[in-house]
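**Q** Structure supplied as entry_38.cif; contents: mmCIF, C-alpha atoms.
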```cif
data_run
loop_
_atom_site.label_atom_id
_atom_site.label_comp_id
_atom_site.auth_asym_id
_atom_site.auth_seq_id
_atom_site.Cartn_x
_atom_site.Cartn_y
_atom_site.Cartn_z
CA MET S 1 51.77 29.09 -23.63
CA ALA S 2 48.26 30.34 -24.38
CA ILE S 3 45.71 27.93 -25.77
CA GLU S 4 45.12 30.31 -28.68
CA GLN S 5 48.64 29.60 -29.91
CA PHE S 6 47.71 25.97 -30.58
CA ILE S 7 44.76 26.92 -32.79
CA PRO S 8 46.78 26.67 -36.09
CA SER S 9 48.05 23.21 -35.16
CA THR S 10 44.58 22.10 -34.13
CA ILE S 11 43.13 23.41 -37.39
CA THR S 12 45.84 21.58 -39.33
CA LEU S 13 45.00 18.31 -37.59
CA LEU S 14 41.28 18.81 -38.19
CA VAL S 15 41.90 19.61 -41.87
CA THR S 16 44.02 16.46 -42.19
CA LEU S 17 41.28 14.39 -40.57
CA PHE S 18 38.65 16.08 -42.74
CA LEU S 19 40.63 15.32 -45.93
CA ILE S 20 40.99 11.67 -44.92
CA ILE S 21 37.21 11.44 -44.31
CA ILE S 22 36.45 13.18 -47.62
CA PHE S 23 38.73 10.93 -49.65
CA ASP S 24 37.39 7.85 -47.85
CA PHE S 25 33.90 8.98 -48.88
CA LEU S 26 35.02 9.51 -52.47
CA PHE S 27 36.67 6.11 -52.60
CA ARG S 28 33.79 4.20 -50.99
CA LYS S 29 30.72 6.10 -52.14
CA ARG S 30 31.72 7.90 -55.31
CA ASN S 31 33.82 5.07 -56.72
CA VAL S 32 36.94 7.19 -57.29
CA PHE S 33 39.85 4.85 -58.09
CA SER S 34 37.53 1.98 -57.16
CA ARG S 35 39.74 -0.59 -58.90
CA ASP S 36 43.06 1.00 -57.90
CA LYS S 37 43.56 0.28 -54.22
CA ILE S 38 47.24 1.12 -54.56
CA ILE S 39 46.44 4.72 -55.55
CA GLN S 40 43.93 5.01 -52.70
CA GLN S 41 46.53 3.90 -50.17
CA LEU S 42 49.14 6.28 -51.63
CA ILE S 43 46.74 9.22 -51.31
CA PHE S 44 45.95 8.38 -47.67
CA PHE S 45 49.66 8.05 -46.89
CA SER S 46 50.49 11.38 -48.57
CA ILE S 47 47.71 13.22 -46.71
CA LEU S 48 48.85 11.79 -43.37
CA VAL S 49 52.54 12.65 -43.87
CA THR S 50 51.73 16.14 -45.14
CA GLY S 51 49.37 16.74 -42.21
CA ILE S 52 52.02 15.72 -39.68
CA LEU S 53 54.61 18.02 -41.25
CA PHE S 54 52.29 21.04 -41.31
CA THR S 55 51.23 20.34 -37.73
CA VAL S 56 54.86 20.46 -36.62
CA PHE S 57 55.47 23.70 -38.54
CA THR S 58 52.44 25.39 -36.93
CA LEU S 59 53.33 24.46 -33.32
CA PRO S 60 53.92 27.52 -31.10
CA ILE S 61 57.55 26.69 -30.41
CA ASN S 62 60.85 28.17 -31.56
CA VAL S 63 62.67 27.10 -34.70
CA GLU S 64 65.25 25.05 -32.81
CA ASP S 65 62.55 22.94 -31.15
CA LYS S 66 60.78 22.47 -34.48
CA ASN S 67 64.03 21.33 -36.06
CA LEU S 68 64.56 18.98 -33.14
CA ILE S 69 61.09 17.45 -33.56
CA LEU S 70 61.55 17.15 -37.33
CA THR S 71 64.97 15.60 -36.80
CA PHE S 72 63.48 13.10 -34.35
CA VAL S 73 60.66 12.25 -36.77
CA SER S 74 63.19 11.91 -39.61
CA ILE S 75 65.33 9.59 -37.48
CA VAL S 76 62.31 7.45 -36.61
CA ILE S 77 61.16 7.29 -40.22
CA GLY S 78 64.73 6.65 -41.37
CA ALA S 79 65.13 3.84 -38.87
CA ILE S 80 61.86 2.30 -39.93
CA LEU S 81 62.86 2.51 -43.58
CA ALA S 82 66.33 1.17 -42.81
CA PHE S 83 64.99 -1.88 -41.00
CA SER S 84 62.23 -2.46 -43.51
CA SER S 85 63.88 -1.21 -46.69
CA THR S 86 64.06 -4.68 -48.14
CA THR S 87 60.39 -5.33 -47.44
CA PHE S 88 58.13 -2.31 -46.95
CA VAL S 89 59.74 0.16 -49.35
CA ALA S 90 60.62 -2.49 -51.91
CA ASN S 91 57.10 -3.92 -51.89
CA ALA S 92 55.59 -0.43 -52.05
CA MET S 93 57.67 0.50 -55.10
CA ALA S 94 56.91 -2.85 -56.68
CA GLY S 95 53.20 -2.24 -56.08
CA ILE S 96 53.43 1.11 -57.87
CA MET S 97 55.30 -0.50 -60.76
CA LEU S 98 52.70 -3.27 -61.09
CA ARG S 99 49.99 -0.62 -61.09
CA TRP S 100 51.51 1.15 -64.09
CA ILE S 101 52.61 -1.78 -66.25
CA HIS S 102 49.45 -3.86 -65.64
CA PRO S 103 50.94 -7.36 -66.06
CA PHE S 104 47.66 -8.83 -64.80
CA ARG S 105 44.18 -7.89 -63.58
CA VAL S 106 41.76 -9.16 -60.97
CA GLY S 107 40.52 -12.58 -62.08
CA ASP S 108 43.59 -13.44 -64.19
CA PHE S 109 45.48 -16.71 -63.76
CA ILE S 110 49.10 -16.09 -62.70
CA LYS S 111 52.04 -18.31 -61.75
CA THR S 112 55.23 -17.36 -59.94
CA ASP S 113 57.63 -19.83 -58.36
CA ASP S 114 55.42 -22.66 -57.07
CA THR S 115 52.30 -20.51 -56.67
CA PHE S 116 49.50 -20.76 -59.23
CA GLY S 117 46.02 -19.30 -58.96
CA ARG S 118 43.64 -16.46 -59.79
CA VAL S 119 44.09 -12.90 -58.59
CA THR S 120 41.44 -11.75 -56.11
CA GLU S 121 42.84 -8.43 -54.85
CA MET S 122 45.74 -6.06 -55.59
CA TYR S 123 47.04 -4.00 -52.67
CA PHE S 124 49.83 -1.50 -52.03
CA LEU S 125 52.24 -4.03 -50.53
CA HIS S 126 50.91 -7.40 -51.66
CA THR S 127 48.64 -9.21 -54.08
CA GLN S 128 46.14 -11.86 -53.05
CA VAL S 129 45.74 -15.03 -55.11
CA GLN S 130 43.31 -17.93 -54.74
CA SER S 131 45.15 -21.20 -55.23
CA MET S 132 44.13 -24.57 -56.66
CA ASP S 133 43.36 -25.68 -53.10
CA ARG S 134 40.87 -22.80 -52.78
CA ASP S 135 43.13 -21.10 -50.25
CA LEU S 136 43.94 -17.39 -50.32
CA ILE S 137 47.68 -16.78 -50.74
CA THR S 138 49.34 -13.42 -50.06
CA ILE S 139 52.26 -12.73 -52.41
CA PRO S 140 54.55 -9.71 -51.73
CA ASN S 141 54.58 -7.36 -54.70
CA LEU S 142 58.39 -7.51 -54.71
CA THR S 143 58.17 -11.23 -55.53
CA LEU S 144 55.87 -10.54 -58.49
CA SER S 145 58.12 -7.82 -59.88
CA SER S 146 61.52 -9.45 -59.32
CA LYS S 147 60.80 -13.05 -60.38
CA PRO S 148 59.47 -14.53 -63.62
CA LEU S 149 55.71 -14.08 -63.71
CA LYS S 150 53.41 -16.09 -65.94
CA THR S 151 50.04 -14.55 -66.78
CA ILE S 152 47.52 -16.59 -68.74
CA ARG S 153 45.96 -14.33 -71.34
CA SER S 154 42.20 -13.90 -71.37
CA SER S 155 42.24 -14.45 -75.15
CA GLY S 156 43.24 -18.10 -74.63
CA THR S 157 46.08 -20.42 -73.72
CA ILE S 158 47.74 -23.54 -75.14
CA ILE S 159 47.06 -26.79 -73.28
CA THR S 160 48.99 -29.98 -74.08
CA VAL S 161 49.14 -33.66 -73.23
CA SER S 162 52.21 -35.88 -73.62
CA VAL S 163 52.11 -39.66 -74.00
CA SER S 164 54.76 -42.34 -74.76
CA LEU S 165 53.91 -44.97 -77.37
CA GLY S 166 55.79 -47.81 -78.97
CA TYR S 167 57.73 -47.72 -82.24
CA ASN S 168 55.51 -50.48 -83.59
CA ILE S 169 52.47 -48.17 -83.88
CA PRO S 170 52.19 -46.16 -87.13
CA ARG S 171 52.73 -42.48 -86.52
CA LYS S 172 49.84 -41.41 -88.73
CA ASP S 173 47.40 -43.54 -86.76
CA ILE S 174 48.58 -41.90 -83.54
CA GLU S 175 48.27 -38.40 -84.99
CA LYS S 176 44.77 -39.13 -86.25
CA SER S 177 43.63 -40.26 -82.79
CA MET S 178 45.27 -37.31 -81.06
CA PHE S 179 43.72 -34.80 -83.43
CA MET S 180 40.37 -36.42 -82.67
CA ALA S 181 40.98 -35.91 -78.93
CA ALA S 182 41.84 -32.23 -79.47
CA GLU S 183 38.69 -31.77 -81.54
CA LEU S 184 36.51 -33.41 -78.87
CA THR S 185 37.99 -31.05 -76.27
CA GLY S 186 37.11 -28.04 -78.41
CA LEU S 187 40.68 -26.84 -79.03
CA GLU S 188 41.49 -24.56 -81.93
CA ASN S 189 44.52 -24.98 -84.22
CA PRO S 190 45.49 -28.42 -82.81
CA PHE S 191 48.99 -29.81 -83.34
CA VAL S 192 50.90 -33.05 -82.70
CA HIS S 193 54.64 -32.93 -82.06
CA VAL S 194 57.21 -35.68 -81.55
CA GLU S 195 59.00 -34.65 -78.36
CA LYS S 196 61.49 -37.49 -77.87
CA LEU S 197 62.76 -40.61 -79.59
CA GLY S 198 63.56 -42.86 -76.66
CA ASP S 199 65.24 -46.24 -76.54
CA PHE S 200 61.94 -48.08 -76.31
CA SER S 201 59.22 -45.52 -77.07
CA ILE S 202 58.32 -42.26 -78.79
CA THR S 203 56.97 -39.33 -76.78
CA TYR S 204 54.18 -37.47 -78.56
CA LYS S 205 52.72 -34.14 -77.50
CA VAL S 206 49.28 -33.03 -78.62
CA GLY S 207 47.91 -29.57 -77.92
CA GLY S 208 45.79 -26.71 -79.10
CA LEU S 209 44.41 -23.29 -78.26
CA LEU S 210 41.81 -23.18 -75.48
CA LYS S 211 39.79 -19.99 -75.91
CA ASN S 212 37.70 -20.28 -72.74
CA ILE S 213 40.27 -20.08 -69.95
CA GLU S 214 37.53 -19.90 -67.32
CA GLY S 215 37.29 -23.70 -67.53
CA MET S 216 41.01 -24.34 -68.03
CA ILE S 217 41.46 -26.89 -65.25
CA THR S 218 38.42 -28.89 -66.30
CA ALA S 219 39.48 -28.68 -69.95
CA ARG S 220 42.95 -30.06 -69.16
CA SER S 221 41.39 -33.04 -67.40
CA GLU S 222 38.87 -33.61 -70.21
CA PHE S 223 41.69 -33.38 -72.75
CA LYS S 224 43.59 -36.19 -71.04
CA LYS S 225 40.43 -38.29 -70.86
CA ASN S 226 39.78 -37.74 -74.57
CA VAL S 227 43.36 -38.73 -75.44
CA ILE S 228 42.91 -42.01 -73.55
CA ASP S 229 39.53 -42.72 -75.13
CA SER S 230 40.64 -41.79 -78.66
CA LEU S 231 43.74 -43.99 -78.54
CA HIS S 232 41.83 -46.91 -77.04
CA SER S 233 39.02 -46.58 -79.59
CA SER S 234 41.71 -46.88 -82.28
CA ASP S 235 43.09 -50.04 -80.59
CA ILE S 236 46.31 -48.27 -79.61
CA GLU S 237 47.91 -49.34 -76.33
CA ILE S 238 49.27 -46.52 -74.18
CA VAL S 239 52.31 -48.51 -73.06
CA SER S 240 55.87 -48.79 -74.28
CA PRO S 241 57.49 -52.17 -75.16
CA THR S 242 59.10 -52.19 -71.69
CA PHE S 243 55.69 -52.56 -70.06
CA MET S 244 55.63 -55.45 -67.56
CA ASN S 245 52.99 -56.87 -65.26
CA GLN S 246 53.34 -59.35 -62.43
CA ARG S 247 50.83 -61.72 -64.01
CA VAL S 248 51.46 -63.72 -67.19
CA PHE S 249 49.06 -63.11 -70.06
CA SER S 250 48.62 -64.76 -73.40
CA GLU S 251 50.54 -63.38 -76.36
CA ASP S 252 47.44 -61.84 -77.91
CA TYR S 253 46.51 -59.97 -74.69
CA VAL S 254 45.84 -56.27 -75.23
CA CYS S 255 46.30 -53.84 -72.36
CA MET S 256 43.12 -51.82 -72.77
CA PRO S 257 39.83 -51.67 -70.90
CA PRO S 258 36.98 -53.54 -72.64
CA LYS S 259 34.88 -51.42 -74.97
CA GLU S 260 31.65 -50.34 -73.36
CA ILE S 261 28.40 -51.09 -75.12
CA GLU S 262 26.60 -47.82 -75.77
CA LYS S 263 23.21 -47.67 -74.16
CA GLU S 264 20.36 -45.51 -75.21
CA LYS S 265 20.07 -42.67 -72.78
CA THR S 266 16.73 -42.11 -71.15
CA GLU S 267 15.66 -39.18 -69.06
CA GLU S 268 16.21 -41.27 -65.92
CA GLN S 269 19.71 -42.26 -67.00
CA GLU S 270 20.86 -38.75 -67.89
CA LYS S 271 22.93 -37.20 -65.18
CA GLU S 272 22.50 -33.66 -64.05
CA PRO S 273 25.27 -31.32 -65.25
CA GLU S 274 28.28 -31.40 -62.99
CA VAL S 275 29.51 -28.30 -61.19
CA ARG S 276 32.71 -27.02 -62.78
CA THR S 277 35.83 -27.56 -60.72
CA GLU S 278 36.84 -23.93 -61.27
CA ASP S 279 33.59 -22.68 -59.71
CA ILE S 280 34.54 -24.39 -56.45
CA ILE S 281 38.30 -23.76 -56.44
CA PHE S 282 38.32 -20.13 -57.55
CA ASP S 283 35.03 -18.92 -56.04
CA LYS S 284 36.55 -15.77 -54.50
CA ALA S 285 38.54 -14.94 -57.64
CA ILE S 286 35.47 -15.43 -59.85
CA LEU S 287 33.42 -13.12 -57.63
CA ALA S 288 36.22 -10.53 -57.69
CA GLN S 289 36.39 -10.72 -61.48
CA MET S 290 32.60 -10.37 -61.77
CA LEU S 291 32.69 -7.36 -59.47
CA ASP S 292 35.48 -5.74 -61.50
CA ARG S 293 33.56 -6.40 -64.72
CA ILE S 294 30.39 -4.86 -63.24
CA TYR S 295 32.27 -1.73 -62.14
CA THR S 296 34.03 -1.33 -65.50
CA THR S 297 30.87 -1.78 -67.56
CA ALA S 298 28.68 0.35 -65.28
CA GLU S 299 31.15 3.25 -65.43
CA SER S 300 31.17 3.13 -69.24
CA LEU S 301 27.37 3.24 -69.67
CA ASN S 302 26.83 6.95 -69.07
CA PRO S 303 29.58 8.32 -71.40
CA ARG S 304 28.59 5.84 -74.12
CA ARG S 305 24.94 6.87 -73.88
CA LYS S 306 25.81 10.57 -74.08
CA GLU S 307 27.96 9.89 -77.13
CA LEU S 308 25.00 8.19 -78.81
CA GLU S 309 22.76 11.14 -77.91
CA GLU S 310 25.15 13.45 -79.78
CA GLN S 311 25.12 11.13 -82.80
CA ILE S 312 21.31 11.04 -82.84
CA LYS S 313 21.25 14.83 -83.25
CA GLU S 314 22.87 14.37 -86.67
CA ILE S 315 19.95 12.24 -87.95
CA LYS S 316 17.71 14.41 -90.13
CA ASP S 317 14.66 12.13 -90.28
CA GLU S 318 12.52 13.39 -87.40
CA ASN S 319 10.59 10.12 -86.89
CA ILE S 320 13.76 8.04 -86.66
CA HIS S 321 15.36 10.74 -84.50
CA ASN S 322 12.50 10.70 -81.98
CA ARG S 323 12.24 6.90 -81.92
CA LEU S 324 15.93 6.45 -81.19
CA LYS S 325 15.80 9.19 -78.59
CA GLU S 326 12.95 7.41 -76.79
CA GLN S 327 14.91 4.15 -76.78
CA LEU S 328 17.90 5.91 -75.24
CA ALA S 329 15.63 7.48 -72.63
CA LEU S 330 14.46 4.00 -71.58
CA ILE S 331 18.08 2.87 -71.32
CA ALA S 332 18.82 5.94 -69.18
CA GLN S 333 15.97 5.03 -66.81
CA LYS S 334 17.27 1.48 -66.35
CA GLU S 335 20.79 2.87 -65.91
CA ASN S 336 19.58 5.11 -63.07
CA LYS S 337 17.88 2.12 -61.40
CA LEU S 338 21.14 0.19 -61.66
CA LYS S 339 23.31 2.83 -59.96
CA PRO S 340 22.12 2.15 -56.38
CA VAL S 341 22.55 -1.59 -56.96
CA VAL S 342 26.19 -1.10 -57.97
CA GLN S 343 26.68 1.21 -55.02
CA ASP S 344 25.27 -1.43 -52.65
CA LEU S 345 27.82 -3.88 -54.01
CA ARG S 346 30.61 -1.48 -53.11
CA ASN S 347 29.25 -1.18 -49.57
CA LEU S 348 29.23 -4.94 -48.99
CA PRO S 349 32.18 -6.57 -47.14
CA ASP S 350 35.43 -7.37 -48.91
CA ILE S 351 35.08 -10.51 -51.01
CA THR S 352 38.05 -12.24 -49.44
CA SER S 353 36.67 -11.74 -45.91
CA LEU S 354 33.02 -12.36 -46.70
CA PRO S 355 31.22 -14.28 -43.92
CA ALA S 356 29.89 -17.70 -44.95
CA GLU S 357 26.31 -16.80 -44.03
CA GLN S 358 26.37 -13.87 -46.48
CA HIS S 359 27.88 -15.81 -49.36
CA ASP S 360 24.64 -16.88 -51.07
CA MET S 361 23.17 -13.39 -50.80
CA TYR S 362 26.34 -11.85 -52.19
CA VAL S 363 26.48 -14.27 -55.13
CA LYS S 364 22.83 -13.66 -56.02
CA THR S 365 23.34 -9.89 -55.89
CA LEU S 366 26.42 -10.14 -58.10
CA VAL S 367 24.77 -12.42 -60.66
CA ASP S 368 21.66 -10.21 -60.91
CA ALA S 369 23.77 -7.06 -61.22
CA GLU S 370 25.97 -8.61 -63.92
CA LYS S 371 22.87 -9.62 -65.93
CA ASP S 372 21.48 -6.09 -65.73
CA VAL S 373 24.79 -4.47 -66.62
CA THR S 374 25.36 -6.87 -69.52
CA LEU S 375 21.82 -6.22 -70.81
CA LEU S 376 22.37 -2.46 -70.85
CA ASP S 377 25.80 -2.93 -72.41
CA ASN S 378 24.32 -5.02 -75.24
CA ARG S 379 21.47 -2.56 -75.80
CA LEU S 380 23.88 0.34 -76.11
CA ALA S 381 25.96 -1.69 -78.56
CA ASP S 382 22.84 -2.42 -80.64
CA MET S 383 21.84 1.24 -80.52
CA GLY S 384 25.28 2.23 -81.73
CA LYS S 385 24.95 -0.10 -84.73
CA LYS S 386 21.48 1.25 -85.58
CA ILE S 387 22.58 4.87 -85.37
CA GLY S 388 25.70 4.14 -87.42
CA THR S 389 23.60 2.47 -90.12
CA LYS S 390 21.16 5.40 -90.24
CA LEU S 391 23.98 7.91 -90.52
CA GLU S 392 25.61 5.91 -93.35
CA LYS S 393 22.33 5.80 -95.32
CA GLN S 394 21.84 9.50 -94.73
CA GLN S 395 25.14 10.41 -96.39
#
```
Go ahead and render the structure in this file as structure tokens.

**A**
Amino acid sequence: MAIEQFIPSTITLLVTLFLIIIFDFLFRKRNVFSRDKIIQQLIFFSILVTGILFTVFTLPINVEDKNLILTFVSIVIGAILAFSSTTFVANAMAGIMLRWIHPFRVGDFIKTDDTFGRVTEMYFLHTQVQSMDRDLITIPNLTLSSKPLKTIRSSGTIITVSVSLGYNIPRKDIEKSMFMAAELTGLENPFVHVEKLGDFSITYKVGGLLKNIEGMITARSEFKKNVIDSLHSSDIEIVSPTFMNQRVFSEDYVCMPPKEIEKEKTEEQEKEPEVRTEDIIFDKAILAQMLDRIYTTAESLNPRRKELEEQIKEIKDENIHNRLKEQLALIAQKENKLKPVVQDLRNLPDITSLPAEQHDMYVKTLVDAEKDVTLLDNRLADMGKKIGTKLEKQQ
């Protein structure tokens, strides 16, 4: 065979390689489908399969040989799918389904089976979650789509505490103390339910709506502490009548810690604010959520600004028109300065595989970028209100 006969096949391979490079550039540099890794992987897979098929069709061989090669390829692919149908194909289809129904996003708290944590990454075949132990757990997408999945909504979640108390304590006194604990924790719409009437004690459950789920773990702990403190401050023992101790106490003994004498706090006595537990446990998930928020907000700045520019054209007062236009121009300048910063974030290593020595630099870059993006977002929101007010007065 002459070398010239292989030119079509060579061109097909080069075109396939070129398309892969182009789409990789679009995904990495131009932010196309930046938050949809599943779609990126599907596009790469489609280009590769299509390229292989066209390469076979353009080979300088007879039809029988082409059919033989295609049959061989089909057998290989069929065998692979047959042996991995319960894993690869099922997880791939589950990944596509999760992409379309959006049961959760990066940064959300999810729970399935015995796994609980925050989502850090969503891939074609699996989803990565950071657990309470700060470990990164890989969950097959098939597991997330075939088993009950609990997603904690960003708008808030209900947290509760249950405690067993004796029949000899007035119910209203208990409810008053528990409502006080819910109020101290900052819960909205608190409630107190009687869960169980036992042989020797009553089980009460107090709960309420926690709006800030970012500090959910800390809030649950603080809630339990406040329940203990509120009941003890009301002279209510948190024991049932079956309570027994190895030592003998007097009849008037009360099983509560002694009340602490409040001391006036001085600057020396005040403790520095503690680091939130969530900031340590879910560091990767928090960074992933910040990054997703930066991308989402940054992508919305330009279309929002152009929409405001169109609205400004409707303002008849020339002075107001020019002043608002100048303010938008300043926002546009800061937006242009922000673009390379966001692009640099995309070029940094994957969050889940970030080297320890780069962690501090990465966090500082993320925090600074989020401040800048949030500032521009707020300014555009304020501009929208101003323009809307001017247009209403104009009518």

**Q** Would you translate the PyMOL selection byres ((chain S and resi 233) around 12) into the concrete set of residues it matches in this file, as a PyMOL selection string?

**A** chain S and resi 173-174+176-178+180-181+226-232+234-238+256-260

**Q** Restricting the output to C-alpha atoms, write the selected residues as a PDB file, keeping the file's coordinate frame.

**A**
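Ended up saving to again35.pdb:
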```pdb
ATOM      1  CA  ASP S 173      47.400 -43.540 -86.760  1.00  0.00           C
ATOM      2  CA  ILE S 174      48.580 -41.900 -83.540  1.00  0.00           C
ATOM      3  CA  LYS S 176      44.770 -39.130 -86.250  1.00  0.00           C
ATOM      4  CA  SER S 177      43.630 -40.260 -82.790  1.00  0.00           C
ATOM      5  CA  MET S 178      45.270 -37.310 -81.060  1.00  0.00           C
ATOM      6  CA  MET S 180      40.370 -36.420 -82.670  1.00  0.00           C
ATOM      7  CA  ALA S 181      40.980 -35.910 -78.930  1.00  0.00           C
ATOM      8  CA  ASN S 226      39.780 -37.740 -74.570  1.00  0.00           C
ATOM      9  CA  VAL S 227      43.360 -38.730 -75.440  1.00  0.00           C
ATOM     10  CA  ILE S 228      42.910 -42.010 -73.550  1.00  0.00           C
ATOM     11  CA  ASP S 229      39.530 -42.720 -75.130  1.00  0.00           C
ATOM     12  CA  SER S 230      40.640 -41.790 -78.660  1.00  0.00           C
ATOM     13  CA  LEU S 231      43.740 -43.990 -78.540  1.00  0.00           C
ATOM     14  CA  HIS S 232      41.830 -46.910 -77.040  1.00  0.00           C
ATOM     15  CA  SER S 234      41.710 -46.880 -82.280  1.00  0.00           C
ATOM     16  CA  ASP S 235      43.090 -50.040 -80.590  1.00  0.00           C
ATOM     17  CA  ILE S 236      46.310 -48.270 -79.610  1.00  0.00           C
ATOM     18  CA  GLU S 237      47.910 -49.340 -76.330  1.00  0.00           C
ATOM     19  CA  ILE S 238      49.270 -46.520 -74.180  1.00  0.00           C
ATOM     20  CA  MET S 256      43.120 -51.820 -72.770  1.00  0.00           C
ATOM     21  CA  PRO S 257      39.830 -51.670 -70.900  1.00  0.00           C
ATOM     22  CA  PRO S 258      36.980 -53.540 -72.640  1.00  0.00           C
ATOM     23  CA  LYS S 259      34.880 -51.420 -74.970  1.00  0.00           C
ATOM     24  CA  GLU S 260      31.650 -50.340 -73.360  1.00  0.00           C
TER      25      GLU S 260
END
```

**Q** One decimal, in Å: what's the spacing between CA of Asp292 in chain S and CA of Asp344 in chain S?

**A**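 Between these atoms lies a distance of 14.2 Å.
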
**Q** Report, in Å to a single decimal, how far apart CA of Ile22 in chain S and CA of Phe57 in chain S are.

**A**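 Between CA of Phe57 in chain S and CA of Ile22 in chain S the gap works out to 23.6 Å.
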
**Q** From the set S:Ser46, S:Asn62, S:Thr389, S:Thr374, which residue has the shortest atom-to-atom contact distance to Tyr295 in chain S, counting all atoms listed in the file?

**A**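 For Tyr295 in chain S, the nearest of the given residues is S:Thr374.
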
**Q** Could you tell me which of S:Thr296, S:Asn319, S:Gln289, S:Asn212 comes closest to Leu366 in chain S if we count all atoms listed in the file?

**A**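 Closest candidate: S:Gln289.
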
**Q** If I take CA of Asp114 in chain S and CA of Thr151 in chain S, how far is one from the other in Å, to one decimal?

**A**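 Rounded to one decimal, the two atoms are 13.7 Å apart.
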
**Q** Please evaluate the PyMOL selection byres ((chain S and resi 381-384) around 9) against the displayed coordinates and give the resulting residues as a PyMOL selection string.

**A** chain S and resi 308+311+324+327-328+376-380+385-389

**Q** I need the residue nearest Ala285 in chain S from this list: S:Leu70, S:Leu136, S:Ile152, S:Leu48. Use all atoms listed in the file for the distance.

**A** S:Leu136

**Q** Identify the residues around (45.5, 17.3, -39.0) within a radius of 10 Å, measuring from all atoms listed in the file in the coordinates stated by the file, and give them as a CSV table (one decimal) with C-alpha atoms, in the frame of the given file.

**A**
```csv
chain,number,residue,atom,x,y,z
S,8,PRO,CA,46.8,26.7,-36.1
S,9,SER,CA,48.0,23.2,-35.2
S,10,THR,CA,44.6,22.1,-34.1
S,11,ILE,CA,43.1,23.4,-37.4
S,12,THR,CA,45.8,21.6,-39.3
S,13,LEU,CA,45.0,18.3,-37.6
S,14,LEU,CA,41.3,18.8,-38.2
S,15,VAL,CA,41.9,19.6,-41.9
S,16,THR,CA,44.0,16.5,-42.2
S,17,LEU,CA,41.3,14.4,-40.6
S,18,PHE,CA,38.6,16.1,-42.7
S,19,LEU,CA,40.6,15.3,-45.9
S,20,ILE,CA,41.0,11.7,-44.9
S,47,ILE,CA,47.7,13.2,-46.7
S,48,LEU,CA,48.8,11.8,-43.4
S,49,VAL,CA,52.5,12.6,-43.9
S,50,THR,CA,51.7,16.1,-45.1
S,51,GLY,CA,49.4,16.7,-42.2
S,52,ILE,CA,52.0,15.7,-39.7
S,53,LEU,CA,54.6,18.0,-41.2
S,54,PHE,CA,52.3,21.0,-41.3
S,55,THR,CA,51.2,20.3,-37.7
```

**Q** May I have the centre and edge lengths, in Å to one decimal, of an axis-aligned box around the listed atoms of range 227-233 of chain S with 5 Å added to every side, as AutoDock Vina command-line options?

**A**
```
--center_x 41.4 --center_y -42.8 --center_z -76.6 --size_x 14.7 --size_y 18.2 --size_z 16.0
```

**Q** Where does the PyMOL selection byres ((chain S and resi 155-163) around 6) land in this file, that is, which residues does it pick, as a PyMOL selection string?

**A** chain S and resi 153-154+164+203-211+213

**Q** Find, counting only C-alpha atoms, the residue in S:Trp100, S:Gly166, S:Ile61, S:Leu184 that gets nearest to Lys196 in chain S.

**A**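 Answer, going by the shortest atom-to-atom distance: S:Gly166.
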
**Q** Measuring atom to atom with only C-alpha atoms, identify which of S:Ile169, S:Ala369, S:Leu59, S:Ala94 is nearest to Ile139 in chain S.

**A**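 Ranking S:Ile169, S:Ala369, S:Leu59, S:Ala94 by distance to Ile139 in chain S, first place goes to S:Ala94.
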
**Q** May I have the residues within 12 Å of Tyr123 in chain S as a VMD selection string, using all atoms listed in the file and disregarding those fewer than 4 positions away in the same chain?

**A** chain S and resid 35 to 42 91 to 96 98 to 99 105 to 106 119 127 to 129 138 to 141

**Q** Show which residues sit within 9 Å of Val373 in chain S, as a list in words. Count only C-alpha atoms, and ignore same-chain residues fewer than 4 positions away.

**A** Ile294, Thr297, Ala298, Leu301, Glu335, Leu338, Asp368, Ala369, Asp377 and Asn378 of chain S
